[in-house]
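Okay, so here's the structure we're looking at.
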Amino acid sequence: MSSDEIAIKVSNLSKCYQIYDRPQDRLKQSIYTRVKRFMGRAPGQYFREFWAVKGVSFEIRKGESVGIIGRNGSGKSTLLQMICGTLNPTAGVIQTKGRIAALLELGSGFNPEFTGRENVFMNAALLGLNKEKTESRFEDIAAFADIGDFIEQPVKTYSSGMMVRLAFSVIAHVDADILVIDEALAVGDAIFTQKCMRFIREFQRKGTLLFVSHDSGAIQNLCHNAIWLAQGKSRMMGSSKDVSEAYLQYGLQEIYGEEAKLVSIEEGRAVNCIEEETFQSDAPPTVDYESMAMVNDNLAQAKGWKTGGANIISVKLQRLTPGVEGVFEGGEMVRMTVRAQAHEPLKNPILGFLIRDRLGQDLFGENTLAFTELNPISVKAGVTFDGLFEFRLPMLPNGQYAVMASVADGNYQVNIQHHWLHDALIINISSSKIRYGLVGILFERAELKVVHE
Ligand SMILES: Nc1ncnc2c1ncn2[C@@H]1O[C@H](COP(=O)(O)OP(=O)(O)OP(=O)(O)O)[C@@H](O)[C@H]1O
């Protein structure tokens with residue numbers, strides 16, 4: 001790899017902390033250090049060495065997205081702080097090319113006594129943006145943070161969510177070449193997280209990303225490669241898929257213990273020997289998933305874009321059976337209605353929706369194209385029209401989800417998106433028993449059966 005292609009190069013990087021078991025040991029050490037300096041001989045040592053990061057080396061190409069995964073205390077923050085220059089290494093070399101912006105420690109870089117506005121200028125200056133540029137971008141920064149009048153209040157009055165909003169907004173507007181994000185901090189409410197994820201995905205098209213998470217799913221989704229840190233050392237580097245799988249296996253091994261030694265399997269060696277069977281059972285489904293969804297209309301605050309050719313008037317999720325309004329149960333039949341109005345003639349209007357999780361991953365959705373291919377409909381300016389989608393609501397794991405809605409004109413290949421809303425509805429799932437995957441489905445059967453005695 002030529003040096004021009006490298007964004008970050010870390011060689012043999014280490015950080016050692018001195019750990020004092022008792023407060024008086026720290027005092028003794030400082031006295032003895034002075035004595036040593038004065039007398040020139042080594043007195044006793046009153047601390048233990050703790051290597052938070054030890055001998056880590058890697059190279060990251062420009063434009064690459066790399067995930068850092070590891071348990072609590074494995075050295076992720078320490079490593080990233082050294083890369084960002086906020087912590088001095090004990091040993092090793094770090095070379096970086098370009099402007100680094102980081103979201104690492106909550107509130108770090110903010111002066112609590114200064115207002116949000118003053119902190120924006122201070123932070124942007126630290127990140128290399130001059131006053132004129134910051135002034136010209138201030139409105140965008142404030143709009144992205146979306147904390148209203150709090151921008152003029154001292155940061156010490158902020159909630160942690162407001163602090164993250166402001167910090168993220170600054171790093172999103174300083175033309176960074178390298179972004180360092182700790183996912184634990186990037187989470188705010190669903191709408192803001194989705195906005196951050198959209199920014200990160202856009203940034204990835206040209207910039208270099210270092211993304212820290214405990215969630216191997218998030219790492220695989222955002223990063224091509226990953227580094228697994230364990231006890232301060234780099235345990236594995238490779239594709240994010242391979243690293244995540246190895247990390248997961250290691251975690252399971254720890255849970256199961258030595259008696260269930262897990263062996264990696266390179267290729268499937270099992271012989272497929274399941275006989276065809278028609279099984280009938282009158283027993284009720286054995287898998288009990290509860291997944292209650294609370295749906296909130298967010299249309300008035302929804303972000304997106306429009307051309308003026310047509311706009312979405314409403315997005316509604318309704319249950320098709322009686323029940324409490326706005327509360328849904330996973331597995332029940334529902335109707336999503338996306339209503340729009342044309343402001344110019346639309347030859348082949350398309351209405352659609354898409355449900356996304358907190359990381360902006362598309363879970364499922366549909367549009368009306370399959371229908372209008374068979375039943376062509378055009379609309380004149382001023383006409384209001386609905387897209388109707390009836391489906392069984394999947395059971396979703398706990399968390400917040402956003403419903404994207406759009407109105408367009410055209411066909412599968414060529415279409416103009418006239419109005420696109422990222423978060424027309426917000427879905428909150430709170431009591432889900434879904435344990436695996438992004439979306440749960442209703443299992444009719446999940447049993448164990450003896451085949452041969
Ligand atoms: N100032 C310090 N003095 C002593 N030990 C420290 C200090 N800062 C961090 N450590 C230790 O270094 C180790 C690595 O910490 P670090 O915060 O880098 O881990 P991490 O992987 O980011 O953890 P988490 O996922 O919990 O954020 C931990 O054992 C921590 O206790």
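Labeling convention for the structure tokens: chains A, B, ... as they appear, residues from 1 per chain, ligands from 1 in order of appearance.
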Close residues to ligand 1 using only C-alpha atoms and all ligand atoms, limit 9 Å, as a count of residues only: 31
I'd like the contact shell of Leu396 of chain A - 10 Å cut-off, only C-alpha atoms, skipping same-chain residues fewer than 5 positions apart - returned as a list in words.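 Those residues are Tyr289, Glu290, Ser291, Met292, Ala293, Glu329, Gly330, Gly331, Asp357, Leu363, Tyr401, Ile427, Asn428, Ile429, Ser430, Ser431, Ser432, Lys433, Ile434, Arg435, Tyr436, Gly437, Leu438, Val439, Gly440 and Ile441 of chain A.
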For N, CA and C atoms, I'd like the residues from the last selection saved as a PDB file, in the first residue's frame.
ATOM      1  N   TYR A 289     -44.378 -15.160  21.286  1.00  0.00           N
ATOM      2  CA  TYR A 289     -43.690 -13.880  21.122  1.00  0.00           C
ATOM      3  C   TYR A 289     -44.665 -12.789  21.465  1.00  0.00           C
ATOM      4  N   GLU A 290     -44.224 -11.912  22.313  1.00  0.00           N
ATOM      5  CA  GLU A 290     -45.022 -10.707  22.476  1.00  0.00           C
ATOM      6  C   GLU A 290     -44.215  -9.595  21.852  1.00  0.00           C
ATOM      7  N   SER A 291     -44.851  -8.752  21.105  1.00  0.00           N
ATOM      8  CA  SER A 291     -44.115  -7.628  20.545  1.00  0.00           C
ATOM      9  C   SER A 291     -45.109  -6.500  20.334  1.00  0.00           C
ATOM     10  N   MET A 292     -45.226  -5.668  21.354  1.00  0.00           N
ATOM     11  CA  MET A 292     -46.193  -4.571  21.288  1.00  0.00           C
ATOM     12  C   MET A 292     -45.534  -3.352  20.652  1.00  0.00           C
ATOM     13  N   ALA A 293     -46.248  -2.756  19.712  1.00  0.00           N
ATOM     14  CA  ALA A 293     -45.697  -1.589  19.013  1.00  0.00           C
ATOM     15  C   ALA A 293     -46.551  -0.361  19.299  1.00  0.00           C
ATOM     16  N   GLU A 329     -50.007  -5.157  17.889  1.00  0.00           N
ATOM     17  CA  GLU A 329     -49.373  -6.375  18.369  1.00  0.00           C
ATOM     18  C   GLU A 329     -48.678  -7.047  17.190  1.00  0.00           C
ATOM     19  N   GLY A 330     -47.431  -7.465  17.389  1.00  0.00           N
ATOM     20  CA  GLY A 330     -46.724  -8.147  16.311  1.00  0.00           C
ATOM     21  C   GLY A 330     -47.544  -9.329  15.827  1.00  0.00           C
ATOM     22  N   GLY A 331     -47.632  -9.519  14.525  1.00  0.00           N
ATOM     23  CA  GLY A 331     -48.372 -10.655  13.983  1.00  0.00           C
ATOM     24  C   GLY A 331     -49.790 -10.302  13.561  1.00  0.00           C
ATOM     25  N   ASP A 357     -34.513   0.295  10.952  1.00  0.00           N
ATOM     26  CA  ASP A 357     -34.166   0.222  12.375  1.00  0.00           C
ATOM     27  C   ASP A 357     -33.267   1.400  12.747  1.00  0.00           C
ATOM     28  N   LEU A 363     -35.625  -2.709   6.819  1.00  0.00           N
ATOM     29  CA  LEU A 363     -36.169  -3.994   7.263  1.00  0.00           C
ATOM     30  C   LEU A 363     -37.182  -4.545   6.264  1.00  0.00           C
ATOM     31  N   TYR A 401     -38.034   2.450  15.654  1.00  0.00           N
ATOM     32  CA  TYR A 401     -37.985   2.276  14.203  1.00  0.00           C
ATOM     33  C   TYR A 401     -38.612   3.494  13.546  1.00  0.00           C
ATOM     34  N   ILE A 427     -41.958   4.115  15.384  1.00  0.00           N
ATOM     35  CA  ILE A 427     -42.526   2.939  16.055  1.00  0.00           C
ATOM     36  C   ILE A 427     -41.632   2.594  17.244  1.00  0.00           C
ATOM     37  N   ASN A 428     -42.242   2.448  18.411  1.00  0.00           N
ATOM     38  CA  ASN A 428     -41.498   2.055  19.618  1.00  0.00           C
ATOM     39  C   ASN A 428     -41.909   0.654  20.010  1.00  0.00           C
ATOM     40  N   ILE A 429     -40.944  -0.238  20.126  1.00  0.00           N
ATOM     41  CA  ILE A 429     -41.250  -1.597  20.572  1.00  0.00           C
ATOM     42  C   ILE A 429     -40.617  -1.754  21.947  1.00  0.00           C
ATOM     43  N   SER A 430     -41.445  -2.141  22.920  1.00  0.00           N
ATOM     44  CA  SER A 430     -40.873  -2.137  24.267  1.00  0.00           C
ATOM     45  C   SER A 430     -40.915  -3.481  24.971  1.00  0.00           C
ATOM     46  N   SER A 431     -41.859  -4.353  24.625  1.00  0.00           N
ATOM     47  CA  SER A 431     -41.966  -5.573  25.440  1.00  0.00           C
ATOM     48  C   SER A 431     -41.750  -6.818  24.599  1.00  0.00           C
ATOM     49  N   SER A 432     -40.873  -6.685  23.603  1.00  0.00           N
ATOM     50  CA  SER A 432     -40.714  -7.789  22.665  1.00  0.00           C
ATOM     51  C   SER A 432     -39.940  -8.944  23.280  1.00  0.00           C
ATOM     52  N   LYS A 433     -40.362 -10.170  22.938  1.00  0.00           N
ATOM     53  CA  LYS A 433     -39.606 -11.353  23.377  1.00  0.00           C
ATOM     54  C   LYS A 433     -38.773 -11.905  22.225  1.00  0.00           C
ATOM     55  N   ILE A 434     -38.709 -11.155  21.126  1.00  0.00           N
ATOM     56  CA  ILE A 434     -37.905 -11.606  19.982  1.00  0.00           C
ATOM     57  C   ILE A 434     -36.445 -11.632  20.415  1.00  0.00           C
ATOM     58  N   ARG A 435     -35.806 -12.765  20.153  1.00  0.00           N
ATOM     59  CA  ARG A 435     -34.428 -12.881  20.627  1.00  0.00           C
ATOM     60  C   ARG A 435     -33.409 -12.814  19.499  1.00  0.00           C
ATOM     61  N   TYR A 436     -33.811 -13.252  18.294  1.00  0.00           N
ATOM     62  CA  TYR A 436     -32.824 -13.355  17.218  1.00  0.00           C
ATOM     63  C   TYR A 436     -33.256 -12.558  16.004  1.00  0.00           C
ATOM     64  N   GLY A 437     -32.286 -11.988  15.328  1.00  0.00           N
ATOM     65  CA  GLY A 437     -32.539 -11.383  14.023  1.00  0.00           C
ATOM     66  C   GLY A 437     -33.118  -9.987  14.099  1.00  0.00           C
ATOM     67  N   LEU A 438     -33.310  -9.423  12.930  1.00  0.00           N
ATOM     68  CA  LEU A 438     -33.805  -8.052  12.836  1.00  0.00           C
ATOM     69  C   LEU A 438     -35.320  -8.009  12.896  1.00  0.00           C
ATOM     70  N   VAL A 439     -35.944  -9.069  12.368  1.00  0.00           N
ATOM     71  CA  VAL A 439     -37.410  -9.114  12.308  1.00  0.00           C
ATOM     72  C   VAL A 439     -37.857 -10.498  12.744  1.00  0.00           C
ATOM     73  N   GLY A 440     -38.888 -10.558  13.571  1.00  0.00           N
ATOM     74  CA  GLY A 440     -39.420 -11.855  13.991  1.00  0.00           C
ATOM     75  C   GLY A 440     -40.582 -12.264  13.093  1.00  0.00           C
ATOM     76  N   ILE A 441     -40.748 -13.548  12.890  1.00  0.00           N
ATOM     77  CA  ILE A 441     -41.926 -14.019  12.166  1.00  0.00           C
ATOM     78  C   ILE A 441     -42.692 -14.954  13.081  1.00  0.00           C
TER      79      ILE A 441
END
Excluding segment 340-353 of chain A and its own-chain neighbours fewer than 6 positions away, which residues fall within 9 Å of it when counting only C-alpha atoms? Please give them as a PDB file with N, CA and C atoms, in the first residue's frame.
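Generated file (out_2.pdb):
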ATOM      1  N   GLY A 308     -41.762  19.587  -5.082  1.00  0.00           N
ATOM      2  CA  GLY A 308     -42.923  20.445  -5.276  1.00  0.00           C
ATOM      3  C   GLY A 308     -43.933  19.816  -6.226  1.00  0.00           C
ATOM      4  N   GLY A 309     -43.550  18.714  -6.899  1.00  0.00           N
ATOM      5  CA  GLY A 309     -44.451  18.066  -7.861  1.00  0.00           C
ATOM      6  C   GLY A 309     -45.614  17.345  -7.185  1.00  0.00           C
ATOM      7  N   ALA A 310     -45.384  16.850  -5.987  1.00  0.00           N
ATOM      8  CA  ALA A 310     -46.429  16.151  -5.220  1.00  0.00           C
ATOM      9  C   ALA A 310     -45.961  16.117  -3.786  1.00  0.00           C
ATOM     10  N   ASN A 311     -46.906  16.039  -2.846  1.00  0.00           N
ATOM     11  CA  ASN A 311     -46.429  15.877  -1.475  1.00  0.00           C
ATOM     12  C   ASN A 311     -47.290  14.907  -0.668  1.00  0.00           C
ATOM     13  N   ILE A 312     -46.646  14.354   0.342  1.00  0.00           N
ATOM     14  CA  ILE A 312     -47.330  13.389   1.201  1.00  0.00           C
ATOM     15  C   ILE A 312     -48.156  14.180   2.207  1.00  0.00           C
ATOM     16  N   ILE A 313     -49.411  13.809   2.322  1.00  0.00           N
ATOM     17  CA  ILE A 313     -50.294  14.530   3.247  1.00  0.00           C
ATOM     18  C   ILE A 313     -50.370  13.801   4.578  1.00  0.00           C
ATOM     19  N   SER A 314     -50.432  12.481   4.513  1.00  0.00           N
ATOM     20  CA  SER A 314     -50.500  11.730   5.771  1.00  0.00           C
ATOM     21  C   SER A 314     -49.959  10.315   5.577  1.00  0.00           C
ATOM     22  N   VAL A 315     -49.496   9.760   6.702  1.00  0.00           N
ATOM     23  CA  VAL A 315     -49.054   8.361   6.725  1.00  0.00           C
ATOM     24  C   VAL A 315     -49.690   7.748   7.957  1.00  0.00           C
ATOM     25  N   PHE A 364     -38.180  -3.762   5.953  1.00  0.00           N
ATOM     26  CA  PHE A 364     -39.135  -4.192   4.935  1.00  0.00           C
ATOM     27  C   PHE A 364     -39.949  -2.997   4.490  1.00  0.00           C
ATOM     28  N   GLY A 365     -40.611  -3.151   3.376  1.00  0.00           N
ATOM     29  CA  GLY A 365     -41.447  -2.072   2.857  1.00  0.00           C
ATOM     30  C   GLY A 365     -42.038  -2.496   1.525  1.00  0.00           C
ATOM     31  N   GLU A 366     -42.831  -1.630   0.930  1.00  0.00           N
ATOM     32  CA  GLU A 366     -43.446  -1.970  -0.367  1.00  0.00           C
ATOM     33  C   GLU A 366     -43.840  -0.676  -1.057  1.00  0.00           C
ATOM     34  N   ASN A 367     -44.048  -0.773  -2.369  1.00  0.00           N
ATOM     35  CA  ASN A 367     -44.615   0.369  -3.090  1.00  0.00           C
ATOM     36  C   ASN A 367     -45.702  -0.127  -4.035  1.00  0.00           C
ATOM     37  N   THR A 368     -46.348   0.816  -4.708  1.00  0.00           N
ATOM     38  CA  THR A 368     -47.537   0.465  -5.504  1.00  0.00           C
ATOM     39  C   THR A 368     -47.196   0.106  -6.949  1.00  0.00           C
ATOM     40  N   LEU A 369     -45.893   0.025  -7.286  1.00  0.00           N
ATOM     41  CA  LEU A 369     -45.530  -0.207  -8.692  1.00  0.00           C
ATOM     42  C   LEU A 369     -46.072  -1.516  -9.260  1.00  0.00           C
ATOM     43  N   THR A 372     -49.673  -0.819 -10.153  1.00  0.00           N
ATOM     44  CA  THR A 372     -49.961   0.093 -11.281  1.00  0.00           C
ATOM     45  C   THR A 372     -49.422  -0.448 -12.608  1.00  0.00           C
ATOM     46  N   PRO A 376     -52.730   0.633 -14.740  1.00  0.00           N
ATOM     47  CA  PRO A 376     -52.138   1.981 -14.842  1.00  0.00           C
ATOM     48  C   PRO A 376     -53.110   3.073 -14.401  1.00  0.00           C
ATOM     49  N   ILE A 377     -52.586   4.002 -13.598  1.00  0.00           N
ATOM     50  CA  ILE A 377     -53.397   5.135 -13.124  1.00  0.00           C
ATOM     51  C   ILE A 377     -52.536   6.389 -13.269  1.00  0.00           C
ATOM     52  N   SER A 378     -53.089   7.432 -13.877  1.00  0.00           N
ATOM     53  CA  SER A 378     -52.367   8.708 -13.850  1.00  0.00           C
ATOM     54  C   SER A 378     -53.255   9.707 -13.110  1.00  0.00           C
ATOM     55  N   VAL A 379     -52.655  10.744 -12.559  1.00  0.00           N
ATOM     56  CA  VAL A 379     -53.453  11.718 -11.799  1.00  0.00           C
ATOM     57  C   VAL A 379     -53.149  13.132 -12.285  1.00  0.00           C
ATOM     58  N   LYS A 380     -54.172  13.972 -12.170  1.00  0.00           N
ATOM     59  CA  LYS A 380     -54.006  15.382 -12.574  1.00  0.00           C
ATOM     60  C   LYS A 380     -53.538  16.194 -11.366  1.00  0.00           C
ATOM     61  N   ALA A 381     -53.095  17.412 -11.642  1.00  0.00           N
ATOM     62  CA  ALA A 381     -52.703  18.305 -10.540  1.00  0.00           C
ATOM     63  C   ALA A 381     -53.916  18.537  -9.645  1.00  0.00           C
ATOM     64  N   GLY A 382     -53.697  18.521  -8.348  1.00  0.00           N
ATOM     65  CA  GLY A 382     -54.783  18.766  -7.396  1.00  0.00           C
ATOM     66  C   GLY A 382     -55.426  17.491  -6.865  1.00  0.00           C
ATOM     67  N   VAL A 383     -55.149  16.349  -7.511  1.00  0.00           N
ATOM     68  CA  VAL A 383     -55.785  15.087  -7.096  1.00  0.00           C
ATOM     69  C   VAL A 383     -55.084  14.512  -5.851  1.00  0.00           C
ATOM     70  N   THR A 384     -55.915  13.997  -4.931  1.00  0.00           N
ATOM     71  CA  THR A 384     -55.373  13.323  -3.742  1.00  0.00           C
ATOM     72  C   THR A 384     -55.493  11.815  -3.975  1.00  0.00           C
ATOM     73  N   PHE A 385     -54.467  11.063  -3.624  1.00  0.00           N
ATOM     74  CA  PHE A 385     -54.508   9.615  -3.874  1.00  0.00           C
ATOM     75  C   PHE A 385     -53.815   8.864  -2.742  1.00  0.00           C
ATOM     76  N   ASP A 386     -54.225   7.613  -2.560  1.00  0.00           N
ATOM     77  CA  ASP A 386     -53.731   6.797  -1.440  1.00  0.00           C
ATOM     78  C   ASP A 386     -52.948   5.595  -1.935  1.00  0.00           C
ATOM     79  N   GLY A 387     -51.910   5.234  -1.229  1.00  0.00           N
ATOM     80  CA  GLY A 387     -51.271   3.927  -1.397  1.00  0.00           C
ATOM     81  C   GLY A 387     -51.696   3.092  -0.208  1.00  0.00           C
ATOM     82  N   LEU A 388     -52.290   1.926  -0.468  1.00  0.00           N
ATOM     83  CA  LEU A 388     -52.798   1.080   0.630  1.00  0.00           C
ATOM     84  C   LEU A 388     -51.977  -0.196   0.698  1.00  0.00           C
ATOM     85  N   PHE A 389     -51.506  -0.510   1.869  1.00  0.00           N
ATOM     86  CA  PHE A 389     -50.686  -1.706   2.039  1.00  0.00           C
ATOM     87  C   PHE A 389     -51.217  -2.475   3.241  1.00  0.00           C
ATOM     88  N   VAL A 403     -40.536   5.012   9.986  1.00  0.00           N
ATOM     89  CA  VAL A 403     -41.217   4.641   8.752  1.00  0.00           C
ATOM     90  C   VAL A 403     -40.939   5.727   7.720  1.00  0.00           C
ATOM     91  N   MET A 404     -40.223   5.349   6.646  1.00  0.00           N
ATOM     92  CA  MET A 404     -39.963   6.263   5.545  1.00  0.00           C
ATOM     93  C   MET A 404     -41.153   6.180   4.601  1.00  0.00           C
ATOM     94  N   ALA A 405     -41.581   7.322   4.053  1.00  0.00           N
ATOM     95  CA  ALA A 405     -42.668   7.294   3.070  1.00  0.00           C
ATOM     96  C   ALA A 405     -42.274   8.168   1.892  1.00  0.00           C
ATOM     97  N   SER A 406     -42.735   7.776   0.697  1.00  0.00           N
ATOM     98  CA  SER A 406     -42.379   8.585  -0.467  1.00  0.00           C
ATOM     99  C   SER A 406     -43.475   8.570  -1.514  1.00  0.00           C
ATOM    100  N   VAL A 407     -43.482   9.650  -2.311  1.00  0.00           N
ATOM    101  CA  VAL A 407     -44.343   9.684  -3.492  1.00  0.00           C
ATOM    102  C   VAL A 407     -43.431  10.027  -4.670  1.00  0.00           C
ATOM    103  N   ALA A 408     -43.588   9.251  -5.747  1.00  0.00           N
ATOM    104  CA  ALA A 408     -42.719   9.426  -6.909  1.00  0.00           C
ATOM    105  C   ALA A 408     -43.550   9.303  -8.180  1.00  0.00           C
ATOM    106  N   ASP A 409     -42.889   9.519  -9.311  1.00  0.00           N
ATOM    107  CA  ASP A 409     -43.546   9.363 -10.611  1.00  0.00           C
ATOM    108  C   ASP A 409     -42.564   8.637 -11.522  1.00  0.00           C
ATOM    109  N   GLY A 410     -43.007   7.565 -12.177  1.00  0.00           N
ATOM    110  CA  GLY A 410     -42.110   6.865 -13.098  1.00  0.00           C
ATOM    111  C   GLY A 410     -42.293   5.364 -13.036  1.00  0.00           C
ATOM    112  N   ASN A 411     -41.183   4.654 -13.276  1.00  0.00           N
ATOM    113  CA  ASN A 411     -41.237   3.186 -13.217  1.00  0.00           C
ATOM    114  C   ASN A 411     -40.047   2.685 -12.387  1.00  0.00           C
ATOM    115  N   ASN A 415     -37.396   7.076 -12.188  1.00  0.00           N
ATOM    116  CA  ASN A 415     -38.485   7.730 -11.459  1.00  0.00           C
ATOM    117  C   ASN A 415     -37.973   8.986 -10.771  1.00  0.00           C
ATOM    118  N   GLN A 417     -38.410  11.151  -7.419  1.00  0.00           N
ATOM    119  CA  GLN A 417     -38.963  11.155  -6.067  1.00  0.00           C
ATOM    120  C   GLN A 417     -39.451  12.574  -5.785  1.00  0.00           C
TER     121      GLN A 417
END
Identify which of the residues A:Gly360, A:Gly116, A:Gly98, A:Pro154 lies closest to Phe138 of chain A, counting only C-alpha atoms when measuring atom-to-atom distances.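 Among the listed residues, A:Gly116 lies closest to Phe138 of chain A.
With distances restricted to only C-alpha atoms, A:Phe150 is the closest residue to Met162 of chain A from A:Phe150, A:Trp228, A:Phe371, A:Tyr247.
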